[in-house]
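Listing of entry-v7.cif; format and content: mmCIF, C-alpha atoms and all ligand atoms.
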data_model
loop_
_atom_site.label_atom_id
_atom_site.label_comp_id
_atom_site.auth_asym_id
_atom_site.auth_seq_id
_atom_site.Cartn_x
_atom_site.Cartn_y
_atom_site.Cartn_z
CA MET A 37 237.16 109.81 116.18
CA ARG A 38 238.16 110.25 112.55
CA ALA A 39 236.94 107.63 110.10
CA VAL A 40 236.59 107.20 106.35
CA VAL A 41 232.88 106.85 105.58
CA TYR A 42 230.69 106.34 102.51
CA ASP A 43 226.93 106.59 102.16
CA ARG A 44 226.40 105.34 98.63
CA TYR A 45 228.00 102.80 96.33
CA GLY A 46 230.20 104.35 93.69
CA PRO A 47 233.71 105.40 92.61
CA PRO A 48 236.57 106.05 95.09
CA GLU A 49 235.38 109.66 95.46
CA VAL A 50 232.37 108.54 97.55
CA LEU A 51 234.85 108.05 100.41
CA ARG A 52 235.40 110.94 102.81
CA LEU A 53 236.87 111.62 106.23
CA GLU A 54 234.34 112.39 108.96
CA GLU A 55 234.16 112.70 112.75
CA VAL A 56 232.06 109.80 114.05
CA ALA A 57 231.33 108.30 117.47
CA ARG A 58 233.99 106.02 118.89
CA PRO A 59 232.73 102.41 119.19
CA VAL A 60 231.98 101.11 122.68
CA PRO A 61 233.25 97.55 123.19
CA ALA A 62 230.68 94.94 124.25
CA GLU A 63 231.38 92.55 127.14
CA ASP A 64 233.37 90.15 124.96
CA GLU A 65 235.10 92.82 122.83
CA VAL A 66 238.29 94.86 122.89
CA LEU A 67 238.56 98.46 121.74
CA VAL A 68 241.54 98.75 119.40
CA ARG A 69 243.26 102.02 118.60
CA VAL A 70 244.11 101.45 114.95
CA HIS A 71 247.63 102.45 113.90
CA ALA A 72 247.58 100.92 110.41
CA THR A 73 245.06 99.35 108.07
CA THR A 74 244.95 98.49 104.37
CA VAL A 75 242.94 99.11 101.24
CA ASN A 76 242.31 95.71 99.69
CA ARG A 77 240.25 94.27 96.86
CA PHE A 78 237.44 93.33 99.24
CA ASP A 79 237.11 97.02 100.24
CA THR A 80 237.12 98.25 96.66
CA ALA A 81 234.67 95.61 95.43
CA THR A 82 232.26 96.28 98.32
CA ARG A 83 232.43 100.05 97.85
CA GLU A 84 231.24 99.79 94.26
CA ALA A 85 228.81 96.91 95.08
CA ASN A 86 230.85 94.63 92.79
CA ARG A 87 229.56 96.54 89.76
CA ARG A 88 232.54 95.41 87.64
CA SER A 89 231.58 91.76 88.13
CA GLY A 90 228.20 92.07 86.41
CA LEU A 91 224.57 92.52 87.48
CA ALA A 92 224.07 89.15 89.20
CA ILE A 93 227.15 89.49 91.43
CA SER A 94 226.36 93.13 92.10
CA PHE A 95 222.89 92.15 93.32
CA LEU A 96 224.34 89.44 95.59
CA SER A 97 226.89 91.94 96.90
CA ARG A 98 224.09 94.40 97.77
CA LEU A 99 222.13 91.64 99.53
CA VAL A 100 225.12 91.21 101.83
CA SER A 101 226.22 94.82 102.33
CA GLY A 102 222.94 96.75 101.93
CA LEU A 103 220.46 96.76 99.05
CA ARG A 104 220.10 100.50 98.39
CA ARG A 105 223.00 101.88 100.37
CA PRO A 106 225.84 100.44 102.45
CA ARG A 107 224.69 99.17 105.83
CA ARG A 108 228.17 99.69 107.29
CA ARG A 109 229.54 103.18 106.60
CA ILE A 110 233.19 102.42 107.39
CA LEU A 111 235.21 100.08 105.16
CA GLY A 112 238.54 98.42 106.00
CA THR A 113 239.03 94.88 107.21
CA GLU A 114 242.68 94.52 108.21
CA PHE A 115 244.15 96.30 111.18
CA ALA A 116 247.11 96.55 113.51
CA GLY A 117 246.97 98.61 116.67
CA GLU A 118 246.85 98.73 120.44
CA VAL A 119 244.18 97.52 122.83
CA GLU A 120 242.81 100.58 124.60
CA GLY A 121 239.79 99.12 126.37
CA ALA A 122 238.22 95.74 127.10
CA GLY A 123 234.74 94.45 128.00
CA ALA A 124 234.21 92.81 131.38
CA ALA A 125 234.24 89.26 129.98
CA VAL A 126 237.46 89.62 127.97
CA THR A 127 240.29 87.23 128.74
CA GLY A 128 243.60 86.76 126.94
CA PHE A 129 243.94 90.42 125.93
CA ALA A 130 244.75 93.47 128.06
CA VAL A 131 245.05 97.21 127.63
CA GLY A 132 248.36 98.02 125.92
CA ASP A 133 248.58 94.76 123.92
CA GLN A 134 249.69 95.18 120.32
CA VAL A 135 247.28 93.26 118.10
CA PHE A 136 246.46 92.58 114.46
CA GLY A 137 243.67 90.86 112.62
CA THR A 138 240.73 91.22 110.29
CA THR A 139 237.13 92.25 110.88
CA GLY A 140 235.94 90.50 107.70
CA LEU A 141 232.39 91.35 106.67
CA LYS A 142 232.01 93.73 109.61
CA PHE A 143 234.64 96.11 108.17
CA GLY A 144 235.24 99.26 110.29
CA ALA A 145 239.05 99.40 110.17
CA HIS A 146 239.38 102.66 108.20
CA ALA A 147 239.03 104.54 111.48
CA GLU A 148 240.98 105.56 114.55
CA TYR A 149 239.21 102.92 116.68
CA LEU A 150 237.36 99.66 116.15
CA SER A 151 235.84 97.11 118.48
CA ILE A 152 236.08 93.38 117.88
CA PRO A 153 235.15 90.23 119.86
CA VAL A 154 238.24 88.48 121.20
CA SER A 155 236.92 85.20 119.76
CA ALA A 156 237.15 86.73 116.26
CA ARG A 157 240.20 86.92 113.97
CA ILE A 158 242.49 88.93 116.25
CA ALA A 159 245.84 87.95 117.75
CA GLN A 160 248.84 89.45 119.51
CA MET A 161 251.28 90.97 117.02
CA PRO A 162 254.39 88.91 116.22
CA ALA A 163 257.44 90.30 118.03
CA GLY A 164 259.60 92.76 116.15
CA MET A 165 256.96 93.83 113.65
CA SER A 166 255.76 97.40 113.13
CA PHE A 167 252.05 98.24 112.92
CA GLU A 168 252.45 98.97 109.21
CA GLU A 169 254.03 95.58 108.62
CA ALA A 170 251.39 93.77 110.66
CA ALA A 171 248.30 95.39 109.14
CA PRO A 172 248.47 93.45 105.84
CA ILE A 173 249.13 90.02 107.39
CA CYS A 174 245.63 88.63 106.97
CA ASP A 175 243.86 89.46 103.72
CA GLY A 176 246.02 87.83 101.06
CA ALA A 177 247.31 85.08 103.32
CA LEU A 178 243.91 83.98 104.68
CA ASN A 179 242.51 83.85 101.15
CA ALA A 180 245.52 81.86 99.95
CA LEU A 181 245.37 79.56 102.99
CA THR A 182 241.65 78.88 102.48
CA CYS A 183 242.46 77.69 98.97
CA LEU A 184 245.59 75.71 99.80
CA LYS A 185 244.07 73.92 102.80
CA GLN A 186 241.71 72.17 100.38
CA VAL A 187 244.58 70.33 98.71
CA ASP A 188 247.24 68.03 100.06
CA LEU A 189 250.20 70.30 99.41
CA ARG A 190 253.49 68.79 100.56
CA LYS A 191 257.02 67.97 99.47
CA GLY A 192 257.07 66.59 95.96
CA ARG A 193 253.73 68.09 94.91
CA ARG A 194 253.89 70.57 92.04
CA ILE A 195 251.88 73.79 92.18
CA LEU A 196 251.59 76.63 89.67
CA ILE A 197 250.59 79.98 91.16
CA TYR A 198 249.18 82.36 88.57
CA GLY A 199 249.19 86.07 89.48
CA ALA A 200 251.94 85.53 92.05
CA SER A 201 252.55 89.27 92.58
CA GLY A 202 249.21 90.27 94.17
CA ALA A 203 248.15 90.11 97.82
CA ILE A 204 246.94 86.53 97.52
CA GLY A 205 249.74 85.50 95.16
CA THR A 206 252.67 86.78 97.24
CA ALA A 207 251.20 85.08 100.32
CA GLY A 208 250.36 81.95 98.34
CA VAL A 209 253.97 81.49 97.22
CA GLN A 210 255.23 81.78 100.80
CA LEU A 211 252.58 79.40 102.17
CA ALA A 212 253.23 76.82 99.45
CA ARG A 213 256.95 77.10 100.24
CA SER A 214 256.26 76.46 103.92
CA PHE A 215 254.28 73.33 102.96
CA GLY A 216 257.31 72.12 101.01
CA ALA A 217 255.71 72.11 97.53
CA ASP A 218 257.56 72.61 94.26
CA ILE A 219 256.44 76.06 93.06
CA THR A 220 256.18 77.57 89.61
CA ALA A 221 255.00 81.17 89.79
CA VAL A 222 253.63 83.29 86.96
CA CYS A 223 253.90 87.09 87.03
CA ASN A 224 254.94 90.17 85.10
CA THR A 225 258.61 90.97 84.25
CA LYS A 226 259.00 93.59 86.99
CA ASN A 227 258.06 91.15 89.77
CA LEU A 228 260.14 88.10 88.75
CA GLU A 229 262.93 88.72 91.27
CA LEU A 230 260.55 89.49 94.13
CA VAL A 231 258.50 86.34 93.53
CA ARG A 232 261.65 84.22 93.30
CA SER A 233 262.81 85.71 96.60
CA LEU A 234 259.53 84.65 98.22
CA GLY A 235 260.35 81.03 97.50
CA ALA A 236 259.27 80.14 93.96
CA ASP A 237 261.43 77.38 92.46
CA ARG A 238 260.82 78.76 89.00
CA VAL A 239 259.18 81.89 87.63
CA ILE A 240 257.43 82.42 84.31
CA ASP A 241 257.05 85.89 82.84
CA TYR A 242 253.55 85.93 81.38
CA THR A 243 254.55 88.64 78.91
CA GLU A 244 257.10 86.21 77.39
CA GLU A 245 255.63 82.76 77.85
CA ASP A 246 252.20 81.14 77.97
CA PHE A 247 252.44 78.41 80.62
CA THR A 248 249.52 76.54 79.06
CA ARG A 249 251.66 75.87 75.97
CA ASN A 250 255.00 74.78 77.43
CA GLY A 251 254.06 71.13 78.03
CA GLU A 252 254.58 71.26 81.83
CA THR A 253 251.93 69.85 84.17
CA TYR A 254 251.08 70.44 87.82
CA ASP A 255 249.17 68.76 90.65
CA VAL A 256 247.58 72.07 91.62
CA ILE A 257 246.99 75.39 89.85
CA LEU A 258 246.08 78.38 92.04
CA ASP A 259 244.63 81.31 90.12
CA ALA A 260 245.53 83.96 92.68
CA VAL A 261 244.30 86.87 90.60
CA GLY A 262 241.04 85.74 89.00
CA LYS A 263 242.36 85.98 85.46
CA LEU A 264 242.59 82.32 84.46
CA SER A 265 239.91 79.78 83.68
CA PHE A 266 239.69 76.04 84.33
CA ARG A 267 239.00 75.57 80.63
CA ARG A 268 242.24 77.32 79.68
CA SER A 269 244.46 75.71 82.28
CA ARG A 270 243.16 72.15 82.64
CA GLY A 271 245.58 70.88 79.98
CA SER A 272 248.38 71.90 82.36
CA LEU A 273 246.98 69.79 85.21
CA GLU A 274 248.10 66.25 85.97
CA PRO A 275 245.36 63.60 85.85
CA GLY A 276 243.41 64.15 89.10
CA GLY A 277 244.89 67.65 89.37
CA ILE A 278 243.07 70.49 91.11
CA PHE A 279 242.26 74.03 89.96
CA LEU A 280 241.85 76.57 92.78
CA PRO A 281 240.14 79.82 91.74
CA THR A 282 239.86 82.94 93.91
CA ASP A 283 237.17 84.72 91.92
CA GLY A 284 234.42 84.21 89.33
CA LEU A 285 230.92 82.83 89.88
CA GLY A 286 231.35 80.52 86.87
CA ASN A 287 233.88 78.58 88.90
CA LEU A 288 231.09 77.50 91.27
CA ILE A 289 229.44 75.72 88.35
CA TRP A 290 232.74 74.09 87.40
CA ALA A 291 233.20 73.04 91.03
CA LEU A 292 229.77 71.40 91.04
CA ARG A 293 230.26 69.72 87.67
CA THR A 294 233.71 68.35 88.44
CA SER A 295 232.65 67.14 91.91
CA ARG A 296 230.45 64.54 90.20
CA THR A 297 233.11 63.16 87.89
CA ARG A 298 236.45 61.44 88.24
CA GLY A 299 239.49 63.36 87.10
CA LYS A 300 240.50 67.00 87.30
CA LYS A 301 238.57 69.11 89.78
CA VAL A 302 237.75 72.72 90.60
CA LEU A 303 237.57 73.44 94.34
CA PHE A 304 236.01 76.79 95.25
CA GLN A 305 234.99 77.56 98.81
CA ILE A 306 232.29 80.24 99.03
CA PRO A 307 232.08 81.91 101.46
CA PRO A 308 235.70 81.20 102.45
CA ARG A 309 235.94 79.69 105.95
CA GLN A 310 238.63 81.65 107.78
CA THR A 311 239.14 81.19 111.50
CA LYS A 312 241.03 82.59 114.44
CA GLN A 313 243.15 79.41 114.30
CA ASP A 314 244.20 80.44 110.78
CA VAL A 315 245.31 83.86 112.08
CA LEU A 316 247.32 82.18 114.84
CA PHE A 317 248.81 79.85 112.23
CA LEU A 318 249.99 82.91 110.22
CA LYS A 319 251.46 84.47 113.37
CA GLY A 320 253.41 81.24 113.94
CA LEU A 321 254.68 81.25 110.36
CA ILE A 322 255.88 84.85 110.73
CA GLU A 323 257.65 84.05 113.99
CA ALA A 324 259.30 81.08 112.28
CA GLY A 325 260.52 83.41 109.51
CA LYS A 326 258.37 81.73 106.85
CA TYR A 327 255.91 84.47 105.93
CA ARG A 328 256.07 88.26 105.62
CA PRO A 329 253.36 90.33 103.90
CA VAL A 330 254.69 92.25 100.90
CA ILE A 331 254.00 95.98 101.03
CA ASP A 332 253.81 98.01 97.85
CA ARG A 333 252.75 101.53 98.90
CA ARG A 334 251.81 103.33 102.13
CA TYR A 335 249.41 106.27 102.33
CA PRO A 336 248.13 108.33 105.26
CA LEU A 337 244.44 107.70 106.08
CA GLU A 338 243.46 111.07 104.61
CA ASP A 339 244.75 109.92 101.18
CA VAL A 340 242.35 106.99 101.10
CA VAL A 341 240.86 108.04 97.75
CA GLU A 342 244.28 108.05 96.09
CA ALA A 343 245.18 104.72 97.73
CA THR A 344 241.90 103.25 96.50
CA ARG A 345 242.47 104.46 92.96
CA TYR A 346 245.82 102.70 93.00
CA VAL A 347 244.35 99.42 94.29
CA GLU A 348 241.75 99.62 91.53
CA THR A 349 244.45 99.60 88.86
CA GLU A 350 244.67 95.89 89.82
CA GLN A 351 248.44 96.28 89.50
CA LYS A 352 249.58 96.56 93.09
CA THR A 353 252.40 94.30 94.20
CA GLY A 354 251.25 92.68 97.45
CA ASN A 355 249.47 95.14 99.71
CA VAL A 356 248.63 98.82 100.13
CA VAL A 357 248.81 100.15 103.70
CA LEU A 358 247.00 103.12 105.25
CA THR A 359 248.66 104.68 108.27
CA VAL A 360 246.38 106.13 110.90
CA SER A 361 247.80 108.81 113.15
CA THR A 362 245.83 109.81 116.21
N1 LIG B 1 241.61 90.56 98.51
C1 LIG B 1 240.43 90.04 98.86
O1 LIG B 1 239.86 90.30 99.91
C2 LIG B 1 239.82 89.03 97.97
C3 LIG B 1 238.96 88.10 98.49
C4 LIG B 1 238.46 87.11 97.64
C5 LIG B 1 238.76 87.15 96.30
N2 LIG B 1 239.55 88.13 95.82
C6 LIG B 1 239.84 88.15 94.42
O2 LIG B 1 241.11 87.55 94.28
C7 LIG B 1 241.80 88.16 93.21
C8 LIG B 1 243.16 88.63 93.69
O3 LIG B 1 243.06 89.49 94.79
P1 LIG B 1 244.36 90.25 95.28
O4 LIG B 1 243.94 91.15 96.36
O5 LIG B 1 245.46 89.30 95.50
O6 LIG B 1 244.67 91.07 93.94
P2 LIG B 1 245.72 92.23 93.69
O7 LIG B 1 246.71 92.29 94.78
O8 LIG B 1 244.98 93.45 93.33
O9 LIG B 1 246.43 91.67 92.36
C9 LIG B 1 247.20 92.52 91.64
C10 LIG B 1 248.37 91.76 91.01
O10 LIG B 1 247.87 90.91 90.00
C11 LIG B 1 248.75 90.97 88.88
N3 LIG B 1 248.01 90.75 87.64
C12 LIG B 1 247.05 91.55 87.11
N4 LIG B 1 246.62 91.02 85.95
C13 LIG B 1 247.31 89.87 85.75
C14 LIG B 1 247.30 88.87 84.74
N5 LIG B 1 246.49 88.95 83.69
N6 LIG B 1 248.14 87.83 84.86
C15 LIG B 1 248.97 87.72 85.92
N7 LIG B 1 249.02 88.63 86.90
C16 LIG B 1 248.20 89.70 86.83
C17 LIG B 1 249.29 92.37 88.94
O11 LIG B 1 250.56 92.43 88.37
P3 LIG B 1 250.82 92.89 86.86
O12 LIG B 1 249.54 93.50 86.32
O13 LIG B 1 251.93 93.84 86.96
O14 LIG B 1 251.15 91.64 86.20
C18 LIG B 1 249.35 92.69 90.41
O15 LIG B 1 250.63 92.43 90.97
C19 LIG B 1 240.91 89.28 92.69
O16 LIG B 1 240.20 88.79 91.57
C20 LIG B 1 239.97 89.53 93.83
O17 LIG B 1 238.72 90.03 93.41
C21 LIG B 1 240.12 89.05 96.62
#
Rewrite the structure of this file - the entire thing - as structure tokens.
Ligand SMILES: NC(=O)c1ccc[n+]([C@@H]2O[C@H](COP(=O)([O-])OP(=O)(O)OC[C@H]3O[C@@H](n4cnc5c(N)ncnc54)[C@H](OP(=O)(O)O)[C@@H]3O)[C@@H](O)[C@H]2O)c1
Amino acid sequence: MRAVVYDRYGPPEVLRLEEVARPVPAEDEVLVRVHATTVNRFDTATREANRRSGLAISFLSRLVSGLRRPRRRILGTEFAGEVEGAGAAVTGFAVGDQVFGTTGLKFGAHAEYLSIPVSARIAQMPAGMSFEEAAPICDGALNALTCLKQVDLRKGRRILIYGASGAIGTAGVQLARSFGADITAVCNTKNLELVRSLGADRVIDYTEEDFTRNGETYDVILDAVGKLSFRRSRGSLEPGGIFLPTDGLGNLIWALRTSRTRGKKVLFQIPPRQTKQDVLFLKGLIEAGKYRPVIDRRYPLEDVVEATRYVETEQKTGNVVLTVST
């Protein structure tokens, strides 16, 4: 089968298409013919061993994905495709089923086929969705859900979502809407209308206004893009308010420090606990018309380097899809 492989950490150009052996599903696994996948920030960070985040994080990243070279040659976590084979012990899935999900740390989705245990984060595709629409369901939304599940978000609670135009941000706005919260979203001028259409009650253009100086306060602040700090935003939190980061090792220290005191807190779950139940929850939201992943650009699998370069601008709106033709 064709797959995008890499044998050393480095820039997008380390990625190349290669013929590799098709995976053989184990007893409890299905073989999925991948029709669409994505390039996300987890792929790009892993490919460069998190070099941009500094030496300590880069070392930790290599401990997980291979000290000298990547242990897994094929990146890609999100997928949508068709079940083409199943191990003897598989129940609940059959050949021909249209499925979506995420392989997480196992990667392997930038390929024509992948195998995945049926107990993992895989589910039947919501009706009426194309493979390209279904591929980006999980990454941003599972990360947003992991954060939001830590707080009691409901009608009457005020949340500010910073970086509302990224994969996590666009999903975060829709999830917060479904929980009934009052949402203020912060993004760039070009994305104001989109973010409003996703369910934000109010939008702030960060090129025009600094939300930390307008006197408004919130029960929860979600930094969906890793560009804020607790120090900078805590003045905008209500007493007892909660700051939810998605990035930055320093936030672990804040989480520890604030866990021992009364008052405003930082909650940062590392590693994020994401389950099959969460994937089924997202499927339910989609079927209820409450969540739809935002797609920015689509590229064919062979243009993975170009797609990756775009993701690395850190300016994508929502998600970048790779289509895989077999
Ligand atoms: N995706 C993952 O698997 C994953 C997992 C865990 C953690 N994270 C971390 O979570 C963060 C977000 O991930 P993501 O995939 O959602 O990111 P993303 O989609 O790449 O975010 C890009 C968006 O962020 C906006 N943005 C960039 N700089 C901004 C700023 N200073 N203020 C406000 N908005 C800004 C961009 O819009 P404009 O530049 O046009 O404003 C763009 O729409 C990253 O730090 C990532 O490392 C990601």
With all atoms listed in the file as the counted atoms, please give the residues lying no more than 6 Å from range 176-192 of chain A, apart from itself and same-chain residues fewer than 6 positions off, as an MDAnalysis selection string.
chainID A and resid 203:204 207:208 215:217
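Checking A:Ala200, A:Leu234, A:Ile93, A:Ile152 one by one against ligand LIG 1 (chain B), counting all atoms listed in the file, you find the shortest gap at A:Ala200.
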Would you mind listing the residues within 7 Å of ligand LIG 1 (chain B), counting only C-alpha atoms and all ligand atoms, as number ranges by chain?
A: 76-78, 175-176, 179, 198-205, 222-224, 242, 260-263, 282-283, 347, 350-355
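With CA of Gly137 in chain A on one side and CA of Gly164 in chain A on the other, the separation reads 16.4 Å.
If you measure from each of A:Ser155, A:Thr206, A:Ser214, A:Ser89 to Gly325 in chain A using all atoms listed in the file, the closest one turns out to be A:Ser214.
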Smallest atom-to-atom distance to Pro308 in chain A: which of A:Gly286, A:Ala39, A:Glu65, A:Gly140, using all atoms listed in the file?
A:Gly140
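Between CA of Leu292 in chain A and CA of Arg270 in chain A the separation is 15.8 Å.
Between CA of Lys301 in chain A and CA of Asn250 in chain A the interatomic distance comes to 21.3 Å.
Here the question is which of A:Glu252, A:Glu84, A:Asp314, A:Glu114 gets nearest to Ala147 in chain A using only C-alpha atoms, and that residue is A:Glu114.
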Taking a cut-off of 8 Å and counting only C-alpha atoms, can you build a table that, for each residue of range 124-147 of chain A near range 100-108 of chain A, reports the nearest atom pair and how far apart they are in Å (one decimal), sorted by chain then residue number, as CSV?
residue,atom,partner,partner_atom,distance
A:Lys142,CA,A:Arg108,CA,7.5
A:Phe143,CA,A:Arg108,CA,7.4
A:Gly144,CA,A:Arg108,CA,7.7
Quick one: 5 Å padding each side, axis-aligned, all listed atoms of range 308-326 of chain A - centre and edge lengths in Å to one decimal, as lines of an AutoDock Vina configuration file?
center_x = 248.1
center_y = 82.1
center_z = 108.6
size_x = 34.8
size_y = 15.4
size_z = 22.4
Contacts of Arg88 in chain A at 12 Å (all atoms listed in the file; same-chain gap of 4+ positions) as a VMD selection string
chain A and resid 46 to 47 80 to 84 92 to 95 97 284 348
Those residues with C-alpha atoms, as a PDB file, in the frame of the given file please?
ATOM      1  CA  GLY A  46     230.200 104.350  93.690  1.00  0.00           C
ATOM      2  CA  PRO A  47     233.710 105.400  92.610  1.00  0.00           C
ATOM      3  CA  THR A  80     237.120  98.250  96.660  1.00  0.00           C
ATOM      4  CA  ALA A  81     234.670  95.610  95.430  1.00  0.00           C
ATOM      5  CA  THR A  82     232.260  96.280  98.320  1.00  0.00           C
ATOM      6  CA  ARG A  83     232.430 100.050  97.850  1.00  0.00           C
ATOM      7  CA  GLU A  84     231.240  99.790  94.260  1.00  0.00           C
ATOM      8  CA  ALA A  92     224.070  89.150  89.200  1.00  0.00           C
ATOM      9  CA  ILE A  93     227.150  89.490  91.430  1.00  0.00           C
ATOM     10  CA  SER A  94     226.360  93.130  92.100  1.00  0.00           C
ATOM     11  CA  PHE A  95     222.890  92.150  93.320  1.00  0.00           C
ATOM     12  CA  SER A  97     226.890  91.940  96.900  1.00  0.00           C
ATOM     13  CA  GLY A 284     234.420  84.210  89.330  1.00  0.00           C
ATOM     14  CA  GLU A 348     241.750  99.620  91.530  1.00  0.00           C
TER      15      GLU A 348
END
Could you name the residues that touch Thr253 in chain A at 7 Å or less, counting all atoms listed in the file, but leaving out those on the same chain fewer than 5 positions away, as a short mmCIF file (atom, residue, chain, number, x, y, z; two decimals) with C-alpha atoms, in the frame of the given file?
data_model
loop_
_atom_site.label_atom_id
_atom_site.label_comp_id
_atom_site.auth_asym_id
_atom_site.auth_seq_id
_atom_site.Cartn_x
_atom_site.Cartn_y
_atom_site.Cartn_z
CA SER A 272 248.38 71.90 82.36
CA LEU A 273 246.98 69.79 85.21
CA GLU A 274 248.10 66.25 85.97
#
Can you tell me which residues surround Ser361 in chain A at a distance of at most 10 Å, considering all atoms listed in the file, apart from same-chain residues fewer than 3 positions away, and format the answer as a list in words?
Arg38, Arg69, Val70, His71, Ala72, Ala147, Glu148, Pro336, Leu337, Glu338 and Leu358 of chain A
Any chance you can output those residues with C-alpha atoms as a PDB file, in the frame of the given file?
ATOM      1  CA  ARG A  38     238.160 110.250 112.550  1.00  0.00           C
ATOM      2  CA  ARG A  69     243.260 102.020 118.600  1.00  0.00           C
ATOM      3  CA  VAL A  70     244.110 101.450 114.950  1.00  0.00           C
ATOM      4  CA  HIS A  71     247.630 102.450 113.900  1.00  0.00           C
ATOM      5  CA  ALA A  72     247.580 100.920 110.410  1.00  0.00           C
ATOM      6  CA  ALA A 147     239.030 104.540 111.480  1.00  0.00           C
ATOM      7  CA  GLU A 148     240.980 105.560 114.550  1.00  0.00           C
ATOM      8  CA  PRO A 336     248.130 108.330 105.260  1.00  0.00           C
ATOM      9  CA  LEU A 337     244.440 107.700 106.080  1.00  0.00           C
ATOM     10  CA  GLU A 338     243.460 111.070 104.610  1.00  0.00           C
ATOM     11  CA  LEU A 358     247.000 103.120 105.250  1.00  0.00           C
TER      12      LEU A 358
END
Can you tell me, as a ChimeraX atom specification, what residues are no more than 10 Å from Lys319 in chain A when counting all atoms listed in the file, ignoring any on the same chain fewer than 4 positions away?
/A:136,159-163,170,173-174,313-315,323-328
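The residue that comes closest to Phe266 in chain A, out of A:Phe115, A:Trp290, A:Tyr42, A:Phe247 and on the basis of only C-alpha atoms, is A:Trp290.
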